[in-house]
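Below is one structure, written out as structure tokens, with a few remarks after it.
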Amino acid sequence: MTEREYNDCVDAHADGVFRFILKNLQHNEDARDIVQTAFEKMWKNRDAVVRETAKSYLFTVAYHQMIDHIRKSKKMKLTDSFSEESRVSRDVSPSLKRELEMALQQLTPLQKSLILLKDYEGYSYDEIGKITALNPSQVKVYLHRARLQLRDFVGKLENII
């Protein structure tokens, strides 16, 4: 990866990686540190990183940094709310948004990460498996269980809307 490709990668993916980490940690400074460390690692390994897989590489490194941070600080704090920069439609009613946020808080960090990577970031099962060190079958099973847990918590959407 050349310096120009690295800079293009920073421009293209920094916000997405930051949002993902921030939603999981809910602490701005910790999220910035983790994202900075991920880009630093990518810079140090730029000769081994292929431009086409740079986004997946960044999310993988950031995810593992986040897990290490959670283990070290023994904080298992889940997201309290989405940031204003998130891609969630502004047209969603406040009560629905609040219910979805509360439902996400009920998930384990792994389940929450899987939901965010698949449904928010749009990663495939294979890509999520590489990021989280799970095989695609495990990703599907854990994601299914997380969605069932969300459904059980939220109930029918018609009841909220």
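Following the order of the structure tokens, first chain is A, next is B, and so on, with residues numbered from 1 inside each chain and ligands from 1 in the order they appear.
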**Message:** List as JSON, numbers by chain the protein and nucleic acid residues near segment 106-120 of chain A, meaning an atom at most 8 Å away when only C-alpha atoms are counted, but skip any in the same chain fewer than 4 places from it.
**Reply:** {"A": [20, 24, 76, 78, 87, 102, 124, 125, 128, 139, 142, 143, 146, 147, 149, 150]}
Just N, CA and C atoms for this one: save the residues we selected as a PDB file, in the first residue's frame.
```pdb
ATOM      1  N   PHE A  20     -18.369   2.782  14.542  1.00  0.00           N
ATOM      2  CA  PHE A  20     -18.525   1.407  15.018  1.00  0.00           C
ATOM      3  C   PHE A  20     -17.967   1.249  16.437  1.00  0.00           C
ATOM      4  N   ASN A  24     -20.039   0.947  20.360  1.00  0.00           N
ATOM      5  CA  ASN A  24     -19.803  -0.152  21.287  1.00  0.00           C
ATOM      6  C   ASN A  24     -19.276   0.323  22.634  1.00  0.00           C
ATOM      7  N   MET A  76     -17.938  -3.403  30.676  1.00  0.00           N
ATOM      8  CA  MET A  76     -18.797  -4.042  29.694  1.00  0.00           C
ATOM      9  C   MET A  76     -19.986  -3.133  29.413  1.00  0.00           C
ATOM     10  N   LEU A  78     -22.480  -1.025  27.471  1.00  0.00           N
ATOM     11  CA  LEU A  78     -23.059  -1.054  26.137  1.00  0.00           C
ATOM     12  C   LEU A  78     -23.510   0.347  25.735  1.00  0.00           C
ATOM     13  N   ARG A  87     -26.084   6.688  10.750  1.00  0.00           N
ATOM     14  CA  ARG A  87     -26.860   6.613   9.520  1.00  0.00           C
ATOM     15  C   ARG A  87     -28.321   6.276   9.766  1.00  0.00           C
ATOM     16  N   MET A 102     -32.655   0.550  23.574  1.00  0.00           N
ATOM     17  CA  MET A 102     -32.785  -0.262  24.784  1.00  0.00           C
ATOM     18  C   MET A 102     -32.595  -1.738  24.448  1.00  0.00           C
ATOM     19  N   SER A 124     -20.486  -8.829   4.842  1.00  0.00           N
ATOM     20  CA  SER A 124     -20.959 -10.185   4.578  1.00  0.00           C
ATOM     21  C   SER A 124     -20.591 -11.072   5.762  1.00  0.00           C
ATOM     22  N   TYR A 125     -21.150 -12.277   5.796  1.00  0.00           N
ATOM     23  CA  TYR A 125     -20.848 -13.206   6.879  1.00  0.00           C
ATOM     24  C   TYR A 125     -19.359 -13.559   6.904  1.00  0.00           C
ATOM     25  N   ILE A 128     -17.411 -10.572   8.336  1.00  0.00           N
ATOM     26  CA  ILE A 128     -17.628 -10.479   9.781  1.00  0.00           C
ATOM     27  C   ILE A 128     -16.835 -11.572  10.488  1.00  0.00           C
ATOM     28  N   VAL A 139     -20.995 -17.039  12.798  1.00  0.00           N
ATOM     29  CA  VAL A 139     -21.535 -15.691  12.631  1.00  0.00           C
ATOM     30  C   VAL A 139     -23.036 -15.761  12.397  1.00  0.00           C
ATOM     31  N   TYR A 142     -24.820 -16.903  15.734  1.00  0.00           N
ATOM     32  CA  TYR A 142     -24.803 -15.861  16.763  1.00  0.00           C
ATOM     33  C   TYR A 142     -25.662 -14.666  16.353  1.00  0.00           C
ATOM     34  N   LEU A 143     -25.622 -14.331  15.071  1.00  0.00           N
ATOM     35  CA  LEU A 143     -26.434 -13.224  14.573  1.00  0.00           C
ATOM     36  C   LEU A 143     -27.915 -13.568  14.666  1.00  0.00           C
ATOM     37  N   ALA A 146     -28.922 -13.281  18.257  1.00  0.00           N
ATOM     38  CA  ALA A 146     -29.002 -11.867  18.656  1.00  0.00           C
ATOM     39  C   ALA A 146     -30.293 -11.245  18.147  1.00  0.00           C
ATOM     40  N   ARG A 147     -30.651 -11.563  16.921  1.00  0.00           N
ATOM     41  CA  ARG A 147     -31.894 -11.022  16.355  1.00  0.00           C
ATOM     42  C   ARG A 147     -33.123 -11.564  17.086  1.00  0.00           C
ATOM     43  N   GLN A 149     -33.161 -12.424  20.207  1.00  0.00           N
ATOM     44  CA  GLN A 149     -33.180 -11.717  21.485  1.00  0.00           C
ATOM     45  C   GLN A 149     -33.737 -10.305  21.312  1.00  0.00           C
ATOM     46  N   LEU A 150     -33.359  -9.645  20.235  1.00  0.00           N
ATOM     47  CA  LEU A 150     -33.912  -8.320  19.948  1.00  0.00           C
ATOM     48  C   LEU A 150     -35.411  -8.403  19.737  1.00  0.00           C
TER      49      LEU A 150
END
```
**Message:** Can you tell me, as an NGL selection string, which residues in chain A count as helix (DSSP H, G or I) by DSSP?
**Reply:** :A and (3-25 or 28-44 or 51-73 or 94-105 or 109-120 or 125-132 or 136-154 or 157-160)
**Item:** Shell of 9 Å around segment 2-16 of chain A, only C-alpha atoms, local chain residues under 6 positions omitted, as a PyMOL selection string
**Value:** chain A and resi 35+39+42-43+46-47+51+54-55+58-59+121
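You can rank A:Leu104, A:Asp126, A:Asn135, A:Gln36 by their closest distance to Asp152 of chain A using only C-alpha atoms, and at the top of that list sits A:Leu104.
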**Separation of atom CA of Ala103 of chain A from atom CA of Phe153 of chain A, in Å and rounded to one decimal** = 6.0 Å
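Relative to atom CA of Lys44 of chain A, atom CA of Thr60 of chain A is found at 15.3 Å.
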Who sits within 8 Å of Ile131 of chain A, only C-alpha atoms, same chain under 4 positions skipped, as an mmCIF file with C-alpha atoms, in the first residue's frame:
```
data_model
loop_
_atom_site.group_PDB
_atom_site.id
_atom_site.type_symbol
_atom_site.label_atom_id
_atom_site.label_comp_id
_atom_site.auth_asym_id
_atom_site.auth_seq_id
_atom_site.Cartn_x
_atom_site.Cartn_y
_atom_site.Cartn_z
ATOM 1 C CA SER A 56 -11.791 -5.151 6.479
ATOM 2 C CA TYR A 57 -8.278 -4.945 7.922
ATOM 3 C CA PHE A 59 -12.362 -3.059 11.218
ATOM 4 C CA THR A 60 -10.583 -6.255 12.290
ATOM 5 C CA VAL A 61 -7.765 -4.416 14.049
ATOM 6 C CA TYR A 63 -12.491 -4.678 16.794
ATOM 7 C CA GLU A 127 -16.066 -10.530 6.314
#
```
**Message:** If I take atom CA of Gln138 of chain A and atom CA of Tyr123 of chain A, how far is one from the other in Å, to one decimal?
**Reply:**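 Interatomic distance, atom CA of Gln138 of chain A to atom CA of Tyr123 of chain A: 14.9 Å.
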**Complete:** Among A:Leu22, A:Met1, A:Ala31, A:Leu148, Glu52 of chain A is approached most closely, using only C-alpha atoms, by A:Met1
**Residue nearest Thr132 of chain A - candidates A:Arg71, A:His27, A:Arg98, A:His64, atoms counted: only C-alpha atoms** =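 The shortest atom-to-atom distance to Thr132 of chain A comes from A:His64.
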**Item:** A:Ala133, A:Val154, A:Leu25, A:Val17 ranked by distance to Glu99 of chain A, top pick (using only C-alpha atoms)
**Value:**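 Using only C-alpha atoms, the shortest distance to Glu99 of chain A belongs to A:Val154.
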